[in-house]
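Note: the block below is entry-v4.txt and it holds compact mmCIF, C-alpha atoms.
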```txt
# COMPACT_ATOMS: atom_id res chain seq x y z
CA MET J 1 0.00 0.00 0.00
CA ALA J 2 1.16 3.49 -0.77
CA GLU J 3 2.54 5.49 2.11
CA LEU J 4 0.00 7.67 3.90
CA ILE J 5 1.61 10.87 5.18
CA LYS J 6 -0.36 12.55 7.97
CA VAL J 7 -0.55 16.30 8.11
CA GLY J 8 -1.45 17.68 11.53
CA MET J 9 -3.21 20.92 12.39
CA ALA J 10 -1.01 23.94 11.64
CA ASP J 11 1.44 21.88 9.62
CA TYR J 12 2.27 21.01 6.01
CA LYS J 13 3.95 18.06 4.32
CA VAL J 14 5.19 17.35 0.82
CA GLY J 15 5.65 14.03 -0.95
CA ARG J 16 5.74 12.26 -4.29
CA ASP J 17 3.92 9.42 -6.04
CA PRO J 18 2.88 6.82 -4.82
CA ALA J 19 2.33 8.46 -1.41
CA SER J 20 -0.87 10.11 -0.25
CA LEU J 21 -1.13 13.11 2.03
CA ILE J 22 -4.00 13.17 4.51
CA SER J 23 -5.32 15.61 7.11
CA TYR J 24 -8.12 14.68 9.50
CA GLY J 25 -10.98 16.71 10.89
CA LEU J 26 -10.68 20.15 9.33
CA GLY J 27 -13.24 22.56 10.73
CA SER J 28 -12.52 26.25 10.37
CA CYS J 29 -9.06 25.31 9.11
CA VAL J 30 -8.35 25.07 5.40
CA GLY J 31 -6.58 22.22 3.62
CA ILE J 32 -4.52 23.36 0.63
CA ALA J 33 -3.44 20.74 -1.87
CA VAL J 34 -0.85 21.67 -4.49
CA PHE J 35 0.10 19.15 -7.18
CA ASP J 36 2.38 18.92 -10.19
CA PRO J 37 0.80 16.39 -12.59
CA VAL J 38 4.04 15.68 -14.46
CA THR J 39 6.52 15.01 -11.66
CA LYS J 40 3.67 13.85 -9.37
CA VAL J 41 5.07 15.88 -6.54
CA GLY J 42 2.59 17.50 -4.22
CA GLY J 43 2.00 19.12 -0.87
CA LEU J 44 -0.82 19.44 1.63
CA ALA J 45 -1.11 22.25 4.18
CA HIS J 46 -3.54 22.49 7.10
CA ILE J 47 -3.65 26.16 8.04
CA MET J 48 -5.50 27.55 11.08
CA LEU J 49 -5.44 31.29 10.62
CA PRO J 50 -5.52 33.76 7.75
CA ASP J 51 -2.82 36.21 8.60
CA SER J 52 0.42 36.12 10.58
CA ASN J 53 0.47 39.93 10.85
CA GLN J 54 -2.44 39.95 13.28
CA ALA J 55 -1.01 37.27 15.55
CA ARG J 56 1.12 37.65 18.65
CA SER J 57 3.05 34.48 18.09
CA THR J 58 4.45 33.61 14.68
CA ASP J 59 6.83 30.87 15.77
CA ASN J 60 5.08 28.37 13.55
CA PRO J 61 4.71 29.76 10.01
CA ALA J 62 2.70 26.69 8.94
CA LYS J 63 -0.20 27.98 11.04
CA PHE J 64 -1.00 30.91 8.75
CA ALA J 65 -2.15 31.09 5.14
CA ASP J 66 0.24 33.90 4.25
CA THR J 67 3.39 32.29 5.64
CA CYS J 68 2.69 28.60 5.04
CA LEU J 69 2.12 28.65 1.29
CA PRO J 70 5.46 30.21 0.28
CA LEU J 71 7.29 27.61 2.40
CA MET J 72 5.40 24.71 0.90
CA LEU J 73 5.93 26.09 -2.61
CA ASP J 74 9.65 26.31 -1.97
CA ASP J 75 9.79 22.68 -0.85
CA LEU J 76 7.83 21.55 -3.90
CA LEU J 77 10.16 23.37 -6.27
CA LYS J 78 13.15 21.80 -4.54
CA MET J 79 11.59 18.39 -5.17
CA GLY J 80 11.44 19.08 -8.88
CA ALA J 81 7.96 20.53 -9.30
CA VAL J 82 7.60 23.21 -11.97
CA LYS J 83 5.68 26.24 -10.82
CA SER J 84 3.70 26.88 -14.00
CA ARG J 85 2.32 23.34 -13.85
CA LEU J 86 1.17 23.45 -10.23
CA LEU J 87 -2.54 23.08 -9.59
CA ALA J 88 -4.17 23.99 -6.29
CA LYS J 89 -7.33 22.66 -4.69
CA ILE J 90 -8.70 23.76 -1.33
CA ALA J 91 -11.28 22.54 1.17
CA GLY J 92 -12.43 23.47 4.67
CA GLY J 93 -13.12 26.88 6.16
CA ALA J 94 -16.37 25.82 7.80
CA GLN J 95 -18.26 27.68 10.50
CA MET J 96 -18.81 24.89 12.99
CA PHE J 97 -21.01 26.76 15.45
CA THR J 98 -23.68 29.28 14.69
CA PHE J 99 -24.39 32.05 17.14
CA ALA J 100 -26.95 34.77 16.73
CA ASN J 101 -24.32 37.51 16.79
CA ALA J 102 -21.46 35.84 14.98
CA THR J 103 -18.29 37.64 15.92
CA ASP J 104 -15.10 37.65 13.91
CA ILE J 105 -13.89 34.72 15.99
CA MET J 106 -16.74 32.59 14.69
CA ARG J 107 -16.12 33.65 11.11
CA VAL J 108 -12.51 32.49 11.08
CA GLY J 109 -13.32 29.71 8.57
CA GLU J 110 -14.57 32.16 5.99
CA ARG J 111 -11.62 34.46 6.56
CA ASN J 112 -9.27 31.50 6.20
CA SER J 113 -10.63 30.52 2.78
CA GLU J 114 -10.51 34.14 1.60
CA ALA J 115 -6.89 34.49 2.73
CA VAL J 116 -5.90 31.23 1.02
CA ARG J 117 -7.48 32.30 -2.28
CA MET J 118 -5.71 35.63 -2.09
CA MET J 119 -2.35 34.04 -1.29
CA LEU J 120 -2.66 31.55 -4.15
CA LYS J 121 -3.33 34.46 -6.50
CA LYS J 122 -0.37 36.37 -5.14
CA LEU J 123 1.92 33.40 -5.67
CA ASP J 124 0.49 32.89 -9.15
CA LEU J 125 -0.78 29.39 -8.39
CA ARG J 126 -3.86 28.17 -10.24
CA LEU J 127 -6.83 27.30 -8.03
CA ILE J 128 -8.83 24.73 -9.99
CA ALA J 129 -11.29 23.35 -7.44
CA GLU J 130 -12.63 24.11 -3.99
CA ASP J 131 -15.07 22.85 -1.40
CA CYS J 132 -15.25 25.50 1.31
CA GLY J 133 -17.75 26.79 3.83
CA GLY J 134 -20.74 25.07 5.34
CA ASN J 135 -21.02 24.06 8.97
CA TYR J 136 -19.40 20.64 8.91
CA GLY J 137 -15.96 19.10 9.26
CA ARG J 138 -13.89 17.52 6.51
CA THR J 139 -11.08 15.02 6.18
CA VAL J 140 -8.99 15.66 3.07
CA GLU J 141 -6.60 13.41 1.17
CA LEU J 142 -4.36 14.27 -1.76
CA LYS J 143 -3.43 11.23 -3.86
CA LEU J 144 -0.10 11.84 -5.53
CA ASP J 145 -0.49 9.19 -8.24
CA ASN J 146 -3.28 11.16 -9.94
CA GLY J 147 -3.74 14.42 -8.04
CA VAL J 148 -7.24 13.55 -6.86
CA PHE J 149 -8.20 15.55 -3.76
CA ARG J 150 -10.72 13.51 -1.79
CA VAL J 151 -12.97 15.30 0.69
CA LYS J 152 -14.78 13.17 3.28
CA THR J 153 -17.51 14.37 5.62
CA ILE J 154 -19.67 12.61 8.19
CA ASP J 155 -23.13 13.34 6.86
CA LYS J 156 -22.56 15.03 3.50
CA GLY J 157 -20.81 12.11 1.83
CA GLU J 158 -17.53 12.06 0.01
CA LYS J 159 -16.39 13.89 -3.08
CA GLU J 160 -13.36 14.05 -5.32
CA LEU J 161 -12.04 17.37 -6.50
CA MET I 162 -2.27 40.63 30.31
CA THR I 163 -0.50 37.89 28.47
CA GLU I 164 1.46 35.18 30.13
CA ASP I 165 3.61 32.36 28.99
CA ILE I 166 1.64 29.23 29.78
CA MET I 167 4.81 27.17 29.50
CA LYS I 168 6.11 28.90 32.62
CA LEU I 169 3.25 28.26 35.01
CA SER I 170 4.40 27.02 38.41
CA SER I 171 3.19 23.78 39.92
CA LEU I 172 1.26 25.79 42.51
CA GLU I 173 -0.57 27.65 39.74
CA LEU I 174 -1.32 24.43 37.89
CA ASP I 175 -2.61 22.82 41.08
CA ALA I 176 -4.89 25.78 41.70
CA LEU I 177 -6.32 25.45 38.20
CA LYS I 178 -6.78 21.74 38.77
CA GLU I 179 -8.74 22.46 41.94
CA VAL I 180 -10.98 24.91 40.12
CA GLY I 181 -11.54 22.23 37.49
CA ASN I 182 -12.25 19.69 40.20
CA VAL I 183 -14.97 21.70 41.88
CA GLY I 184 -16.35 22.98 38.58
CA ALA I 185 -16.60 19.58 36.96
CA GLY I 186 -17.86 18.16 40.26
CA ASN I 187 -20.74 20.64 40.25
CA ALA I 188 -21.48 19.86 36.63
CA ALA I 189 -21.36 16.10 37.21
CA THR I 190 -23.73 16.43 40.16
CA ALA I 191 -26.15 18.43 38.02
CA LEU I 192 -25.98 15.85 35.23
CA SER I 193 -26.43 13.02 37.68
CA GLN I 194 -29.60 14.62 39.05
CA ILE I 195 -31.03 15.18 35.58
CA ILE I 196 -30.56 11.62 34.35
CA ASN I 197 -30.91 10.04 37.77
CA ARG I 198 -27.70 8.02 37.51
CA LYS I 199 -24.45 8.11 39.38
CA ILE I 200 -21.65 9.86 37.51
CA ASP I 201 -18.01 8.99 37.99
CA MET I 202 -15.41 11.58 37.14
CA THR I 203 -11.66 11.58 36.97
CA VAL I 204 -9.33 14.07 38.62
CA PRO I 205 -9.07 16.94 36.15
CA GLN I 206 -6.04 17.12 33.95
CA VAL I 207 -4.47 20.50 33.43
CA ALA I 208 -2.61 19.95 30.23
CA ILE I 209 -0.47 22.32 28.22
CA LEU I 210 -0.49 20.86 24.75
CA PRO I 211 0.69 21.83 21.29
CA LEU I 212 -2.48 22.97 19.51
CA GLY I 213 -2.40 20.08 17.04
CA GLU I 214 -2.38 17.51 19.84
CA VAL I 215 -5.50 18.70 21.65
CA PRO I 216 -7.87 16.48 19.58
CA ASP I 217 -5.87 13.44 20.73
CA VAL I 218 -7.23 14.00 24.25
CA VAL I 219 -10.63 12.76 23.05
CA GLY I 220 -9.31 10.00 20.80
CA GLY I 221 -8.09 11.75 17.66
CA PRO I 222 -9.30 14.42 15.21
CA GLU I 223 -11.60 12.12 13.23
CA ILE I 224 -13.58 10.69 16.16
CA MET I 225 -17.24 11.59 15.84
CA VAL I 226 -18.45 13.66 18.74
CA ALA I 227 -21.25 15.93 19.85
CA GLY I 228 -19.94 19.23 21.13
CA VAL I 229 -21.84 21.84 23.10
CA PHE I 230 -19.88 25.05 23.02
CA LEU I 231 -20.36 28.18 25.11
CA ARG I 232 -18.41 31.36 25.43
CA VAL I 233 -17.89 32.74 28.92
CA PHE I 234 -18.20 36.51 29.34
CA GLY I 235 -16.89 38.60 32.21
CA PRO I 236 -13.47 39.54 33.55
CA ALA I 237 -11.98 36.21 32.47
CA PRO I 238 -13.34 35.32 29.01
CA SER I 239 -13.07 31.62 28.32
CA SER I 240 -14.62 28.83 26.31
CA ILE I 241 -16.46 25.85 27.70
CA LEU I 242 -16.82 22.75 25.63
CA PHE I 243 -18.81 19.73 26.64
CA LEU I 244 -17.76 16.89 24.34
CA LEU I 245 -19.37 13.46 24.05
CA PRO I 246 -18.66 10.62 21.63
CA ARG I 247 -21.63 10.51 19.26
CA ASP I 248 -22.97 7.24 20.69
CA SER I 249 -22.84 8.70 24.19
CA ALA I 250 -24.77 11.75 23.02
CA PHE I 251 -27.48 9.48 21.60
CA LEU I 252 -27.60 7.49 24.82
CA LEU I 253 -27.86 10.67 26.87
CA VAL I 254 -30.77 11.77 24.70
CA ASP I 255 -32.43 8.38 25.28
CA MET I 256 -32.16 8.99 29.02
CA LEU I 257 -33.35 12.59 28.84
CA MET I 258 -36.32 11.75 26.66
CA GLY I 259 -37.22 8.61 28.58
CA ARG I 260 -36.73 6.46 25.52
CA GLU I 261 -35.60 2.89 25.45
CA ARG I 262 -31.83 2.64 25.42
CA GLY I 263 -30.37 2.57 21.91
CA LEU I 264 -33.44 4.00 20.21
CA THR I 265 -31.90 7.31 19.22
CA ASP I 266 -29.77 7.14 16.08
CA HIS I 267 -30.09 10.73 14.96
CA LEU I 268 -31.13 13.94 16.65
CA ASP I 269 -34.32 15.81 15.85
CA SER I 270 -34.71 19.43 16.87
CA MET I 271 -36.24 18.47 20.23
CA ASP I 272 -33.24 16.22 20.99
CA GLU I 273 -30.88 19.00 20.00
CA SER I 274 -32.65 21.44 22.32
CA ALA I 275 -32.33 18.91 25.13
CA LEU I 276 -28.58 18.60 24.59
CA LEU I 277 -28.21 22.38 24.41
CA GLU I 278 -30.11 22.73 27.66
CA ILE I 279 -27.83 20.15 29.27
CA GLY I 280 -24.89 22.22 28.06
CA ASN I 281 -26.47 25.29 29.62
CA ILE I 282 -26.97 23.62 32.97
CA LEU I 283 -23.52 22.06 33.06
CA ALA I 284 -21.81 25.28 32.08
CA GLY I 285 -23.76 27.16 34.75
CA ALA I 286 -22.76 24.63 37.40
CA TYR I 287 -19.14 24.75 36.29
CA LEU I 288 -19.05 28.53 36.24
CA ASN I 289 -20.52 28.71 39.74
CA ALA I 290 -17.33 27.14 41.00
CA LEU I 291 -15.14 29.43 38.98
CA SER I 292 -17.12 32.45 40.21
CA PHE I 293 -16.81 31.22 43.78
CA PHE I 294 -13.01 31.01 43.56
CA THR I 295 -12.47 34.23 41.65
CA LYS I 296 -15.40 36.34 42.93
CA PHE I 297 -15.98 37.26 39.30
CA THR I 298 -19.36 37.43 37.68
CA LEU I 299 -19.03 35.04 34.76
CA LEU I 300 -21.87 34.59 32.33
CA PRO I 301 -22.25 31.88 29.71
CA SER I 302 -23.44 32.66 26.20
CA ILE I 303 -26.29 30.78 24.60
CA PRO I 304 -24.89 27.32 23.80
CA ALA I 305 -24.26 26.04 20.29
CA LEU I 306 -24.26 22.41 19.21
CA ALA I 307 -22.32 20.58 16.53
CA ILE I 308 -22.06 16.88 15.80
CA ASP I 309 -18.97 16.23 13.79
CA MET I 310 -15.31 15.24 13.86
CA ALA I 311 -13.52 16.18 17.07
CA GLY I 312 -10.77 18.02 15.20
CA ALA I 313 -13.30 20.15 13.35
CA ILE I 314 -15.17 21.08 16.52
CA LEU I 315 -12.01 21.86 18.47
CA SER I 316 -10.59 23.94 15.61
CA VAL I 317 -12.92 26.76 16.57
CA ILE I 318 -11.30 27.18 19.96
CA LEU I 319 -7.81 26.26 18.84
CA SER I 320 -7.71 28.84 16.07
CA GLN I 321 -8.56 31.48 18.63
CA LEU I 322 -5.70 30.37 20.87
CA GLY I 323 -3.47 30.14 17.82
CA GLN I 324 -3.47 33.94 17.55
CA MET I 325 -1.44 34.05 20.74
CA GLY I 326 0.73 30.98 20.75
CA ASP I 327 1.26 27.41 19.74
CA HIS I 328 0.05 25.75 22.92
CA ALA I 329 -3.29 25.45 24.66
CA LEU I 330 -3.94 25.19 28.36
CA VAL I 331 -6.80 22.79 28.75
CA ILE I 332 -8.58 21.92 31.99
CA GLU I 333 -10.16 18.62 31.11
CA THR I 334 -12.31 16.24 33.14
CA GLU I 335 -13.52 12.87 31.97
CA PHE I 336 -16.81 11.56 33.26
CA SER I 337 -18.94 8.49 32.77
CA THR I 338 -22.08 6.92 34.08
CA GLU I 339 -21.77 3.73 36.05
CA GLY I 340 -21.51 0.42 34.27
CA ASP I 341 -20.38 -0.65 30.84
CA GLY I 342 -21.48 1.20 27.75
CA GLY I 343 -22.63 4.21 29.72
CA VAL I 344 -22.50 7.85 28.77
CA LYS I 345 -18.93 9.10 28.55
CA GLY I 346 -17.70 12.57 27.91
CA HIS I 347 -15.33 15.41 28.61
CA PHE I 348 -15.69 18.86 30.08
CA PHE I 349 -13.20 21.41 28.81
CA LEU I 350 -12.52 24.81 30.24
CA ILE I 351 -10.20 26.71 27.96
CA PRO I 352 -9.34 30.19 29.23
CA ASP I 353 -8.64 32.84 26.59
CA PRO I 354 -4.97 33.73 26.53
CA GLY I 355 -5.30 36.86 28.68
CA SER I 356 -7.72 35.26 31.14
CA LEU I 357 -5.35 32.84 32.75
CA GLY I 358 -3.38 35.48 34.62
CA THR I 359 -6.62 37.19 35.67
CA ILE I 360 -7.97 33.93 37.11
CA LEU I 361 -4.72 33.06 38.87
CA ALA I 362 -4.44 36.54 40.36
CA ALA I 363 -8.06 36.39 41.58
CA ILE I 364 -7.50 33.02 43.22
CA GLY I 365 -4.42 34.51 44.82
CA VAL I 366 -1.79 32.12 43.53
CA LYS I 367 -0.20 34.20 40.79
CA GLU I 368 3.53 34.14 41.30
```
Let's see the structure in the file written out as structure tokens.
Amino acid sequence: MAELIKVGMADYKVGRDPASLISYGLGSCVGIAVFDPVTKVGGLAHIMLPDSNQARSTDNPAKFADTCLPLMLDDLLKMGAVKSRLLAKIAGGAQMFTFANATDIMRVGERNSEAVRMMLKKLDLRLIAEDCGGNYGRTVELKLDNGVFRVKTIDKGEKEL
Amino acid sequence: MTEDIMKLSSLELDALKEVGNVGAGNAATALSQIINRKIDMTVPQVAILPLGEVPDVVGGPEIMVAGVFLRVFGPAPSSILFLLPRDSAFLLVDMLMGRERGLTDHLDSMDESALLEIGNILAGAYLNALSFFTKFTLLPSIPALAIDMAGAILSVILSQLGQMGDHALVIETEFSTEGDGGVKGHFFLIPDPGSLGTILAAIGVKE
């Protein structure tokens, strides 16, 4: 069986075919899959927050959309990926709890997805599919043999991006 | 006030554990009265964990759980989370609704209201203890319910803590009803980053 590389919360990992990258139980966090279909090199990030500039602690750059993506891109290029070929898919950014007066804290999922889209644009990476929002959790898996990004939920079924 | 949770003394941690003990004790007593069954609870753990490891406390990020979440307002803003494995939540609903055990396999809106109300009562009981120790007036928000993967539910609180650091201080108590296959769950009190110092100072153990 192909190696299954686990990506924890506020972390990212890269790998190559035939491995798969998986991250469990994304809520407000966003999973970002980046894949080069020719070299079959890819990365999966599990970011928690949109922006490192608003945070007190920036010890872990993998926690933020703006600081995680450049790092992961760098690693992918070092592994032989070619930037113009890279394709990005994202999932997550849910609002798990609904309160009558939703504060910014509760809207972190939405802000995460927005920040990821913006950062992908800034880095000139093509976003070709996404499954964001809603009020439910997701487990995401990037298969590096074919670039399929599988999104599993508890009650909303499973889909492939 | 911000403090480095990695540098808390053992006296401060013990004080937090005691608050957790009385708080969860109150909550367990309340739950026990509602469902008319004895509740066992463990000594609270005060754990300082890397954010990504918090879901492991309840069995991993993909475990299916019911979570009742409340914000705590007042001088020491915090979050309270009452987390049950999904099967335990269904069993608790059976007990609350006077149904035969094992009958509930999904929650209708009445069941959801019942769980939310349980969350309300437990949070109130827990906060009574915290108010007693700190002399603060602490008020819970309206509760919110989600049934989903543990990682997804916890991400809400963890992302908030993530603004300040890479670790969470979690006061966690495990409880269960007597006998095999009973209701199991966890109470979590997760103080906002600035609240910890406020609580410790109010209890009189801040060093």
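With all atoms listed in the file as the atoms that count, the minimum distance from chain J to the choices I:Lys345, I:Lys367, I:His328, I:Lys178 is reached by I:His328.
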*Within 7 Å of (-11.8, 13.9, 0.2) (coordinates as in the file), grab all the protein and nucleic acid residues, counting all atoms listed in the file, and write them out as a PyMOL selection string.*
chain J and resi 139-141+149-152+158-160
_At most 7 Å to chain J: residues in chain I, only C-alpha atoms, as a ChimeraX atom specification_ = /I:213,222-223,305-307,309-314,316-317,320-321,324-326
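Using only C-alpha atoms, the nearest neighbour of Val254 of chain I within the list I:Ser239, I:Thr359, I:Ser274, I:Ser193 is I:Ser274.
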*Any idea what's packed within 12 Å of Leu357 of chain I, counting all atoms listed in the file, ignoring anything in its chain fewer than 6 positions away? Could you give it as number ranges by chain?*
I: 162-166, 169, 173-174, 176-177, 236-240, 295, 329-332, 350-351, 363-364, 366-367
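Interatomic distance, atom CA of Asp201 of chain I against atom CA of Ala284 of chain I: 17.7 Å.
Separating atom CA of Glu3 of chain J from atom CA of Gly80 of chain J is a distance of 19.6 Å.
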*asked:* Taking all atoms listed in the file into account, name the residue in J:Lys121, J:Lys89, J:Arg126, J:Lys40 that is nearest to Asp17 of chain J.
replied: J:Lys40
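Protein and nucleic acid residues near (-22.8, 20.6, 23.3) are Ala227, Gly228, Val229, Phe230, Leu242, Phe243, Leu244, Leu245, Leu276, Leu277, Ile279, Gly280, Pro304, Ala305, Leu306 and Ala307 of chain I, the criterion being any atom at most 8 Å away using all atoms listed in the file.
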Mind dumping the selected residues with C-alpha atoms as an mmCIF file, keeping the file's coordinate frame?
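The result, stored in part-v2.cif:
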```cif
data_model
loop_
_atom_site.group_PDB
_atom_site.id
_atom_site.type_symbol
_atom_site.label_atom_id
_atom_site.label_comp_id
_atom_site.auth_asym_id
_atom_site.auth_seq_id
_atom_site.Cartn_x
_atom_site.Cartn_y
_atom_site.Cartn_z
ATOM 1 C CA ALA I 227 -21.250 15.930 19.850
ATOM 2 C CA GLY I 228 -19.940 19.230 21.130
ATOM 3 C CA VAL I 229 -21.840 21.840 23.100
ATOM 4 C CA PHE I 230 -19.880 25.050 23.020
ATOM 5 C CA LEU I 242 -16.820 22.750 25.630
ATOM 6 C CA PHE I 243 -18.810 19.730 26.640
ATOM 7 C CA LEU I 244 -17.760 16.890 24.340
ATOM 8 C CA LEU I 245 -19.370 13.460 24.050
ATOM 9 C CA LEU I 276 -28.580 18.600 24.590
ATOM 10 C CA LEU I 277 -28.210 22.380 24.410
ATOM 11 C CA ILE I 279 -27.830 20.150 29.270
ATOM 12 C CA GLY I 280 -24.890 22.220 28.060
ATOM 13 C CA PRO I 304 -24.890 27.320 23.800
ATOM 14 C CA ALA I 305 -24.260 26.040 20.290
ATOM 15 C CA LEU I 306 -24.260 22.410 19.210
ATOM 16 C CA ALA I 307 -22.320 20.580 16.530
#
```
*Within 7 Å of segment 262-273 of chain I, counting all atoms listed in the file, which residues show up once you throw out same-chain ones fewer than 6 positions away? Write them as a count of residues only, please.*
4
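If you look at atom CA of Met225 of chain I and atom CA of Arg247 of chain I, they are 5.7 Å away from each other.
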*asked:* Under the rule that all atoms listed in the file are counted, which of I:Pro246, I:Gly323, I:Gly184, I:Gly235 is the nearest residue to Ala62 of chain J?
replied: I:Gly323
*Distance query Gly181 of chain I at most 10 Å, only C-alpha atoms, self and fewer than 4 positions along chain excluded, as a PyMOL selection string*: chain I and resi 175-177+185-187+204-207+287-288+290-291+331-334+348-350
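Within the 9 Å cut-off around Met72 of chain J, using all atoms listed in the file and omitting residues fewer than 2 positions from it on the same chain, the listed residues are Tyr12, Lys13, Val14, Val34, Gly43, Leu44, Ala45, Ala62, Cys68, Leu69, Pro70, Asp74, Asp75, Leu76 and Leu77 of chain J.
Nearest residue to Lys143 of chain J, choosing from J:Leu161, J:Glu110, J:Leu86, J:Asp66 and counting all atoms listed in the file: J:Leu161.
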